[in-house]
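Q: File start_7.txt below, compact mmCIF, C-alpha atoms:
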```txt
# COMPACT_ATOMS: atom_id res chain seq x y z
CA MET A 393 53.96 102.54 99.98
CA SER A 394 53.77 104.14 103.34
CA GLY A 395 55.45 107.13 104.74
CA ARG A 396 55.63 110.81 104.46
CA VAL A 397 54.23 113.20 101.90
CA LEU A 398 55.48 116.72 101.55
CA VAL A 399 52.97 119.26 100.25
CA GLY A 400 54.00 122.73 99.16
CA VAL A 401 51.55 125.54 99.87
CA LYS A 402 51.94 129.07 98.64
CA ARG A 403 50.40 132.23 100.02
CA VAL A 404 49.15 134.34 97.14
CA ILE A 405 46.83 137.29 96.62
CA ASP A 406 43.28 135.93 96.77
CA TYR A 407 41.90 134.91 93.40
CA ALA A 408 38.90 137.23 93.74
CA VAL A 409 40.99 140.37 94.35
CA LYS A 410 41.51 142.84 91.53
CA ILE A 411 45.28 143.06 91.08
CA ARG A 412 46.80 146.52 90.98
CA VAL A 413 50.28 147.35 89.72
CA LYS A 414 52.41 149.76 91.76
CA PRO A 415 52.75 153.21 90.15
CA ASP A 416 56.52 152.67 89.64
CA ASN A 417 55.86 149.38 87.76
CA SER A 418 58.20 147.47 90.10
CA SER A 419 55.61 144.92 91.26
CA VAL A 420 51.98 144.60 92.35
CA VAL A 421 50.32 146.07 95.43
CA THR A 422 50.28 143.50 98.24
CA ASP A 423 49.83 145.67 101.34
CA GLY A 424 46.36 145.48 102.83
CA VAL A 425 45.26 143.02 100.15
CA LYS A 426 43.49 139.78 101.02
CA HIS A 427 45.72 136.75 100.68
CA SER A 428 44.83 133.08 100.70
CA MET A 429 46.22 129.71 99.70
CA ASN A 430 46.93 129.22 96.01
CA PRO A 431 43.96 127.22 94.61
CA PHE A 432 46.22 124.60 93.02
CA CYS A 433 47.99 124.12 96.36
CA GLU A 434 44.59 123.45 97.94
CA ILE A 435 44.10 120.66 95.43
CA ALA A 436 47.54 119.27 96.30
CA VAL A 437 46.73 119.31 100.03
CA GLU A 438 43.39 117.64 99.42
CA GLU A 439 45.03 114.84 97.44
CA ALA A 440 47.56 114.17 100.19
CA VAL A 441 44.91 114.23 102.91
CA LYS A 442 42.75 111.82 100.90
CA MET A 443 45.70 109.43 100.62
CA LYS A 444 46.13 109.61 104.35
CA GLU A 445 42.45 108.94 104.96
CA LYS A 446 42.76 105.85 102.80
CA LYS A 447 45.74 104.89 104.99
CA LEU A 448 48.04 104.77 101.98
CA ILE A 449 50.46 107.11 103.67
CA LYS A 450 51.30 107.95 107.25
CA GLU A 451 51.95 111.65 107.45
CA VAL A 452 51.20 114.80 105.51
CA VAL A 453 53.63 117.69 106.03
CA ALA A 454 52.68 121.12 104.71
CA VAL A 455 55.58 123.38 103.72
CA SER A 456 55.49 127.07 102.97
CA CYS A 457 58.29 129.55 102.32
CA GLY A 458 57.85 133.23 103.03
CA PRO A 459 57.39 135.83 105.75
CA GLN A 460 55.53 135.35 109.03
CA GLN A 461 52.14 135.43 107.26
CA ALA A 462 52.99 132.21 105.42
CA GLN A 463 52.08 130.48 108.67
CA GLU A 464 48.43 131.39 108.06
CA THR A 465 48.57 129.41 104.84
CA ILE A 466 50.14 126.49 106.67
CA ARG A 467 47.34 126.72 109.26
CA THR A 468 44.80 126.43 106.45
CA ALA A 469 46.56 123.29 105.23
CA LEU A 470 46.57 121.91 108.78
CA ALA A 471 42.85 122.69 109.06
CA MET A 472 42.30 120.73 105.84
CA GLY A 473 43.96 117.73 107.43
CA ALA A 474 47.74 117.99 107.16
CA ASP A 475 49.53 116.64 110.25
CA ARG A 476 52.20 119.24 110.78
CA GLY A 477 53.80 122.20 109.09
CA ILE A 478 57.23 123.50 108.21
CA HIS A 479 57.65 127.21 107.80
CA VAL A 480 60.82 128.19 105.97
CA GLU A 481 61.23 131.82 106.84
CA VAL A 482 62.23 134.10 103.99
CA THR A 483 61.73 137.83 104.47
CA GLY A 484 62.45 141.20 102.95
CA LYS A 485 64.59 141.41 99.86
CA ASP A 486 65.05 137.63 99.72
CA TYR A 487 61.28 137.16 99.62
CA GLU A 488 60.90 139.60 96.74
CA THR A 489 63.35 137.65 94.60
CA LEU A 490 62.18 134.22 95.77
CA GLY A 491 61.39 132.19 92.66
CA PRO A 492 60.66 128.61 91.60
CA LEU A 493 64.34 127.62 91.55
CA GLN A 494 64.90 128.75 95.13
CA ILE A 495 61.73 127.02 96.31
CA SER A 496 62.61 123.80 94.54
CA LYS A 497 66.05 123.82 96.19
CA ILE A 498 64.34 124.19 99.56
CA MET A 499 61.80 121.47 98.75
CA ALA A 500 64.52 119.11 97.59
CA ALA A 501 66.54 119.70 100.75
CA LEU A 502 63.47 119.17 102.92
CA ALA A 503 62.52 116.00 101.06
CA LYS A 504 65.91 114.54 101.91
CA LYS A 505 65.85 115.77 105.49
CA GLU A 506 62.33 114.46 106.14
CA GLU A 507 62.88 111.30 104.10
CA ALA A 508 59.71 112.04 102.15
CA GLN A 509 58.46 109.50 99.64
CA LEU A 510 56.23 111.81 97.71
CA ILE A 511 56.05 115.51 97.04
CA ILE A 512 52.73 116.95 95.91
CA LEU A 513 52.61 120.52 94.64
CA GLY A 514 50.15 122.66 92.77
CA LYS A 515 50.98 122.82 89.07
CA GLN A 516 51.42 126.57 89.28
CA ALA A 517 50.62 129.57 91.44
CA ILE A 518 48.01 132.06 90.36
CA ASP A 519 50.29 135.03 91.05
CA ASP A 520 53.42 134.36 88.97
CA ASP A 521 52.00 131.49 86.85
CA CYS A 522 55.48 129.98 86.65
CA ASN A 523 54.63 126.26 86.53
CA GLN A 524 58.24 125.31 87.24
CA THR A 525 58.63 124.37 90.90
CA GLY A 526 57.48 120.75 90.58
CA GLN A 527 59.60 120.06 87.53
CA MET A 528 62.73 121.61 89.02
CA THR A 529 62.25 119.86 92.35
CA ALA A 530 62.05 116.51 90.54
CA ALA A 531 65.16 117.38 88.55
CA LEU A 532 67.15 118.42 91.63
CA LEU A 533 66.23 115.21 93.45
CA ASP A 534 66.51 113.10 90.29
CA TRP A 535 63.03 111.73 91.02
CA PRO A 536 60.37 110.91 88.41
CA GLN A 537 57.60 113.46 87.97
CA GLY A 538 53.89 113.29 87.25
CA THR A 539 52.88 116.80 86.27
CA PHE A 540 49.38 118.17 85.52
CA ALA A 541 47.84 115.26 87.39
CA SER A 542 44.10 114.83 87.03
CA GLU A 543 44.07 111.39 88.66
CA VAL A 544 46.56 109.75 90.98
CA SER A 545 46.49 106.17 92.24
CA LEU A 546 49.05 104.22 94.17
CA GLU A 547 49.75 100.77 92.77
CA GLY A 548 52.18 98.89 94.95
CA ASP A 549 55.48 100.73 94.87
CA LYS A 550 54.47 102.63 91.74
CA ILE A 551 52.15 105.54 91.11
CA LYS A 552 49.75 105.77 88.21
CA VAL A 553 49.21 109.35 87.12
CA VAL A 554 46.70 110.49 84.54
CA ARG A 555 48.02 113.73 83.09
CA GLU A 556 46.19 116.54 81.39
CA VAL A 557 47.98 117.13 78.12
CA ASP A 558 47.00 119.21 75.11
CA GLY A 559 43.80 117.81 73.72
CA GLY A 560 43.55 114.75 75.93
CA LEU A 561 44.87 112.63 78.75
CA GLU A 562 48.10 110.69 79.16
CA THR A 563 48.50 107.87 81.66
CA ILE A 564 51.94 107.17 83.07
CA LYS A 565 53.31 104.89 85.74
CA ILE A 566 56.22 106.19 87.78
CA ASN A 567 58.39 104.90 90.61
CA VAL A 568 58.31 106.14 94.17
CA PRO A 569 59.74 108.51 95.39
CA ALA A 570 58.23 111.00 93.00
CA VAL A 571 57.01 114.54 92.51
CA ILE A 572 53.40 115.15 91.51
CA THR A 573 51.86 118.45 90.49
CA ALA A 574 48.12 118.88 90.75
CA ASP A 575 45.91 120.13 87.96
CA LEU A 576 42.48 121.69 88.43
CA ARG A 577 40.42 118.54 87.98
CA LEU A 578 42.34 116.29 90.36
CA ASN A 579 39.80 116.66 93.18
CA THR A 580 37.45 118.96 95.05
CA PRO A 581 39.34 120.59 97.91
CA ARG A 582 37.48 120.63 101.21
CA TYR A 583 36.71 123.87 102.96
CA ALA A 584 38.82 124.75 105.99
CA THR A 585 35.94 125.09 108.45
CA LEU A 586 36.08 127.18 111.60
CA PRO A 587 36.14 124.23 114.05
CA ASN A 588 38.95 122.62 112.06
CA ILE A 589 40.94 125.86 112.02
CA MET A 590 40.62 125.95 115.81
CA LYS A 591 41.75 122.35 116.11
CA ALA A 592 44.64 123.04 113.76
CA LYS A 593 46.05 125.53 116.24
CA LYS A 594 47.23 122.59 118.31
CA LYS A 595 49.27 121.15 115.45
CA LYS A 596 52.93 121.99 115.28
CA ILE A 597 54.68 124.23 112.80
CA ALA A 598 58.46 123.95 112.73
CA ASN A 599 60.33 127.11 111.91
CA MET A 600 63.59 127.18 109.95
CA LYS A 601 65.65 129.29 107.63
CA PRO A 602 66.98 128.33 104.18
CA ALA A 603 70.50 128.44 105.65
CA ASP A 604 69.52 125.70 108.14
CA LEU A 605 68.91 123.47 105.14
CA GLY A 606 72.14 124.56 103.49
CA VAL A 607 70.26 126.22 100.65
CA ASP A 608 71.50 129.34 98.91
CA ILE A 609 68.53 131.42 97.81
CA THR A 610 70.25 134.17 95.87
CA SER A 611 68.46 134.82 92.62
CA ARG A 612 70.00 135.65 89.30
CA LEU A 613 66.79 136.97 87.89
CA GLU A 614 65.89 140.62 87.84
CA VAL A 615 62.36 141.88 87.30
CA LEU A 616 62.62 144.83 84.95
CA ARG A 617 59.02 145.93 84.76
CA VAL A 618 55.53 144.86 85.70
CA ASP A 619 52.62 146.03 83.57
CA GLU A 620 48.87 145.58 83.64
CA PRO A 621 47.44 143.43 80.86
CA PRO A 622 46.01 145.43 77.92
CA GLN A 623 42.53 146.72 78.61
CA ARG A 624 39.85 144.69 76.97
CA GLN A 625 38.00 146.55 74.25
CA ALA A 626 34.42 147.31 75.15
CA GLY A 627 32.06 145.01 73.31
CA VAL A 628 30.07 146.39 70.37
CA LYS A 629 26.36 146.10 70.84
CA GLU A 630 24.72 144.37 67.94
CA HIS A 631 21.43 145.87 66.87
CA LYS A 632 18.52 143.49 67.08
CA HIS A 633 17.86 143.83 63.38
CA GLY A 634 21.49 144.36 62.54
CA ALA A 635 21.78 141.32 60.35
CA ARG A 636 18.66 142.14 58.39
CA ASN A 637 19.61 145.77 57.97
CA LEU A 638 22.98 144.67 56.74
CA ALA A 639 21.37 142.42 54.20
CA GLU A 640 19.14 145.23 53.03
CA GLY A 641 22.07 147.56 52.79
CA THR A 642 20.65 150.05 55.29
CA LEU A 643 23.38 149.71 57.88
CA MET B 106 17.10 129.69 130.27
CA ALA B 107 20.01 127.39 129.83
CA ASN B 108 18.89 125.34 126.89
CA PRO B 109 21.02 122.22 126.38
CA LEU B 110 21.06 122.96 122.64
CA ARG B 111 22.38 126.47 123.18
CA ALA B 112 26.01 125.52 122.61
CA GLU B 113 25.11 123.87 119.33
CA VAL B 114 23.18 126.90 118.15
CA VAL B 115 26.05 129.22 119.06
CA ARG B 116 28.50 126.98 117.22
CA LEU B 117 26.32 127.01 114.13
CA TYR B 118 25.99 130.79 114.29
CA LYS B 119 29.75 131.26 114.59
CA ASN B 120 30.42 128.88 111.75
CA LEU B 121 27.93 130.63 109.48
CA LEU B 122 29.34 134.01 110.46
CA TYR B 123 32.80 132.76 109.50
CA LEU B 124 31.57 131.41 106.18
CA GLY B 125 29.69 134.63 105.49
CA ARG B 126 32.87 136.68 105.41
CA GLU B 127 33.47 135.49 101.88
CA TYR B 128 29.90 136.01 100.71
CA PRO B 129 29.81 137.59 97.21
CA LYS B 130 27.60 140.45 98.41
CA GLY B 131 29.88 141.13 101.37
CA GLY B 132 30.19 139.96 104.96
CA GLU B 133 27.99 142.76 106.31
CA TYR B 134 25.13 141.88 103.99
CA PHE B 135 25.32 138.27 105.09
CA ARG B 136 25.68 139.09 108.78
CA ALA B 137 22.55 141.21 108.83
CA ARG B 138 20.51 138.43 107.23
CA LEU B 139 22.05 135.80 109.46
CA ARG B 140 21.12 137.79 112.55
CA ALA B 141 17.59 138.30 111.26
CA ALA B 142 17.19 134.59 110.54
CA PHE B 143 18.36 133.60 114.02
CA SER B 144 16.41 136.23 115.92
CA LYS B 145 13.26 135.30 114.01
CA ASN B 146 13.41 131.93 115.75
CA ARG B 147 14.68 133.13 119.10
CA CYS B 148 11.49 132.19 120.92
CA VAL B 149 11.42 128.60 119.69
CA GLN B 150 11.41 126.31 122.73
CA GLU B 151 10.68 122.75 121.60
CA PRO B 152 13.93 120.73 121.26
CA GLU B 153 12.49 118.98 118.21
CA LYS B 154 11.95 122.25 116.40
CA ILE B 155 15.36 123.59 117.43
CA ARG B 156 17.07 120.49 116.05
CA GLU B 157 15.22 120.90 112.81
CA LEU B 158 16.36 124.53 112.56
CA ILE B 159 19.96 123.55 113.33
CA SER B 160 19.99 120.99 110.56
CA ARG B 161 18.62 123.63 108.21
CA GLY B 162 21.46 125.93 109.25
CA GLU B 163 23.97 123.17 108.63
CA PHE B 164 22.49 122.66 105.19
CA VAL B 165 22.99 126.36 104.45
CA ALA B 166 26.62 126.05 105.59
CA ARG B 167 27.20 123.15 103.19
CA GLU B 168 25.58 125.08 100.38
CA LEU B 169 27.85 128.04 101.06
CA GLU B 170 30.94 125.82 100.93
CA ALA B 171 29.76 124.40 97.63
CA LEU B 172 29.05 127.89 96.31
CA TYR B 173 32.55 129.10 97.18
CA TYR B 174 34.16 126.04 95.65
CA LEU B 175 32.22 126.43 92.41
CA ARG B 176 33.00 130.12 92.21
CA LYS B 177 36.71 129.44 92.58
CA TYR B 178 36.65 126.49 90.18
CA ARG B 179 34.89 128.55 87.51
CA ALA B 180 37.32 131.42 87.94
CA MET B 181 40.28 129.05 87.53
CA LYS B 182 38.73 127.34 84.55
CA LYS B 183 38.07 130.64 82.85
CA ARG B 184 41.63 131.77 83.45
CA TYR B 185 43.53 128.64 82.55
CA TYR B 186 41.45 126.75 80.03
CA GLU B 187 40.29 127.82 76.61
CA GLU B 188 36.89 126.39 75.88
```
Can you dump the structure from the file as structure tokens?

A:
Amino acid sequence: MSGRVLVGVKRVIDYAVKIRVKPDNSSVVTDGVKHSMNPFCEIAVEEAVKMKEKKLIKEVVAVSCGPQQAQETIRTALAMGADRGIHVEVTGKDYETLGPLQISKIMAALAKKEEAQLIILGKQAIDDDCNQTGQMTAALLDWPQGTFASEVSLEGDKIKVVREVDGGLETIKINVPAVITADLRLNTPRYATLPNIMKAKKKKIANMKPADLGVDITSRLEVLRVDEPPQRQAGVKEHKHGARNLAEGTL
Amino acid sequence: MANPLRAEVVRLYKNLLYLGREYPKGGEYFRARLRAAFSKNRCVQEPEKIRELISRGEFVARELEALYYLRKYRAMKKRYYEE
């Protein structure tokens, strides 16, 4: 197999940031909050770049959908070793309702346009935790899918994927073209170092709109309410001699 | 005093400064210590010694990358795996 790999990268609130819900419960606070690339997307980029370094593929294209700032995430992917980027610009109201279905439509359209042979995505994003984009992209393209990948190897015109399933691993062999979604243990993503970020500034990012791809991104989902998770109960401190006192009936 | 290794030292400093922005105790904390570490050796002249110090700095950079990776990996594991 040789050719082009499409990697989806999502800009999310940084994993180390404490998430705050807006007072009106409509969504979470994103203004002035540190953002970075979704950790599972980093793993996806790393896998694609590794394939390229082994000369199994020719080109790695990083795709991100969102406002202007999504380009920063694409830059990070380019600094990690992707060859070029595609920024699908989605802003304002459309961005707020942008969900896995809309993204998978865009990815599917791009895969056809770019004649990609493989799409690698993170299994899920740490902000909405949907875990749907890869599956829906595969369905829209009618391509086989290797989800929750913890090991990927190319064998001729087939791909062997070891999947993380409940309580163990499952090994499958699928045809190319295919969609793969990366799980946590697939690899160790490299750090986007400062010199590489500088070099990445020379790489090209193409800009387009969903309409250019003929994709309709209206959403039929409505978010009713966003709430904080229930507060964890404070732990009870066990007395050093608690067990003994209990046995003696003094507690 | 245009030392031929100056560019390399500056590059290392910038790289460490960049890495330090994510330091768990804060970028300022790291920056102060980074400055102190570099200015402590500001008078070093011998190229041999400078090279040795640069490689130590590069080692610190690699350690920081590893630290950040582990921190993220652990956070993900805690969130998405029950064990």

Q: Give as a list in words every residue of chain A that touches chain B within 10 Å, counting all atoms listed in the file.

A: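 Close enough to count are Tyr407, Ala408, Pro431, Phe432, Ile518, Asp521, Leu576, Arg577, Thr580, Pro581, Arg582, Tyr583, Ala584, Thr585, Leu586 and Pro587 of chain A.
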
Q: Considering all atoms listed in the file, state which residue in the set A:Lys550, A:Arg396, A:Lys450, A:Lys629 is at the smallest distance from Leu510 of chain A.

A: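 Comparing A:Lys550, A:Arg396, A:Lys450, A:Lys629 against Leu510 of chain A, the winner is A:Arg396.
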
Q: Nearest residue to Ala142 of chain B out of B:Glu187, B:Pro109, B:Arg179, B:Gly162, using all atoms listed in the file?

A: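 Closest to Ala142 of chain B of all the choices is B:Gly162.
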
Q: Out of B:Gly132, B:Glu151, B:Gly125, B:Arg140, which residue has the shortest atom-to-atom distance to Leu110 of chain B when counting all atoms listed in the file?

A: B:Glu151

Q: If I take atom CA of Val615 of chain A and atom CA of Ser418 of chain A, how far is one from the other in Å, to one decimal?

A: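 Distance reported for this atom pair: 7.5 Å.
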
Q: Please measure the separation of atom CA of Val399 of chain A and atom CA of Arg412 of chain A, giving the value in Å to one decimal.

A: 29.4 Å

Q: Go ahead and compute the interatomic distance for atom CA of Val482 of chain A and atom CA of Lys594 of chain A, in Å to one decimal.

A: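 Taking atom CA of Val482 of chain A and atom CA of Lys594 of chain A, their separation equals 23.7 Å.
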
Q: Env of Val571 of chain A: 7 Å cut, atoms = only C-alpha atoms, seq-sep filter 3 positions within chain, self excluded. Answer as JSON, numbers by chain.

A: {"A": [510, 511, 512, 526, 530, 535, 536, 537, 538]}

Q: Save out the residues we just selected, C-alpha atoms, as a compact mmCIF listing (two decimals), in the coordinates of the input.

A:
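Below you can see out04.txt, which holds the result:
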```txt
# COMPACT_ATOMS: atom_id res chain seq x y z
CA LEU A 510 56.23 111.81 97.71
CA ILE A 511 56.05 115.51 97.04
CA ILE A 512 52.73 116.95 95.91
CA GLY A 526 57.48 120.75 90.58
CA ALA A 530 62.05 116.51 90.54
CA TRP A 535 63.03 111.73 91.02
CA PRO A 536 60.37 110.91 88.41
CA GLN A 537 57.60 113.46 87.97
CA GLY A 538 53.89 113.29 87.25
```

Q: Starting from the sparse input, extend segment 499-510 of chain A to N, CA and C atoms and give the output as a PDB file, in the frame of the given file.

A:
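The result, stored in selection-v3.pdb:
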```pdb
ATOM      1  N   MET A 499      62.626 122.686  98.714  1.00  0.00           N
ATOM      2  CA  MET A 499      61.800 121.470  98.750  1.00  0.00           C
ATOM      3  C   MET A 499      62.658 120.220  98.643  1.00  0.00           C
ATOM      4  N   ALA A 500      63.652 120.273  97.776  1.00  0.00           N
ATOM      5  CA  ALA A 500      64.520 119.110  97.590  1.00  0.00           C
ATOM      6  C   ALA A 500      65.288 118.822  98.877  1.00  0.00           C
ATOM      7  N   ALA A 501      65.798 119.889  99.505  1.00  0.00           N
ATOM      8  CA  ALA A 501      66.540 119.700 100.750  1.00  0.00           C
ATOM      9  C   ALA A 501      65.647 119.140 101.840  1.00  0.00           C
ATOM     10  N   LEU A 502      64.404 119.654 101.900  1.00  0.00           N
ATOM     11  CA  LEU A 502      63.470 119.170 102.920  1.00  0.00           C
ATOM     12  C   LEU A 502      63.067 117.722 102.672  1.00  0.00           C
ATOM     13  N   ALA A 503      62.905 117.372 101.404  1.00  0.00           N
ATOM     14  CA  ALA A 503      62.520 116.000 101.060  1.00  0.00           C
ATOM     15  C   ALA A 503      63.569 115.018 101.555  1.00  0.00           C
ATOM     16  N   LYS A 504      64.830 115.410 101.432  1.00  0.00           N
ATOM     17  CA  LYS A 504      65.910 114.540 101.910  1.00  0.00           C
ATOM     18  C   LYS A 504      65.928 114.508 103.430  1.00  0.00           C
ATOM     19  N   LYS A 505      65.790 115.668 104.023  1.00  0.00           N
ATOM     20  CA  LYS A 505      65.850 115.770 105.490  1.00  0.00           C
ATOM     21  C   LYS A 505      64.702 114.987 106.131  1.00  0.00           C
ATOM     22  N   GLU A 506      63.514 115.111 105.558  1.00  0.00           N
ATOM     23  CA  GLU A 506      62.330 114.460 106.140  1.00  0.00           C
ATOM     24  C   GLU A 506      62.136 113.043 105.625  1.00  0.00           C
ATOM     25  N   GLU A 507      62.998 112.622 104.725  1.00  0.00           N
ATOM     26  CA  GLU A 507      62.880 111.300 104.100  1.00  0.00           C
ATOM     27  C   GLU A 507      61.483 111.107 103.508  1.00  0.00           C
ATOM     28  N   ALA A 508      61.033 112.105 102.760  1.00  0.00           N
ATOM     29  CA  ALA A 508      59.710 112.040 102.150  1.00  0.00           C
ATOM     30  C   ALA A 508      59.717 111.047 100.990  1.00  0.00           C
ATOM     31  N   GLN A 509      58.549 110.440 100.755  1.00  0.00           N
ATOM     32  CA  GLN A 509      58.460 109.500  99.640  1.00  0.00           C
ATOM     33  C   GLN A 509      57.679 110.069  98.488  1.00  0.00           C
ATOM     34  N   LEU A 510      57.049 111.193  98.752  1.00  0.00           N
ATOM     35  CA  LEU A 510      56.230 111.810  97.710  1.00  0.00           C
ATOM     36  C   LEU A 510      56.168 113.311  97.986  1.00  0.00           C
TER      37      LEU A 510
END
```
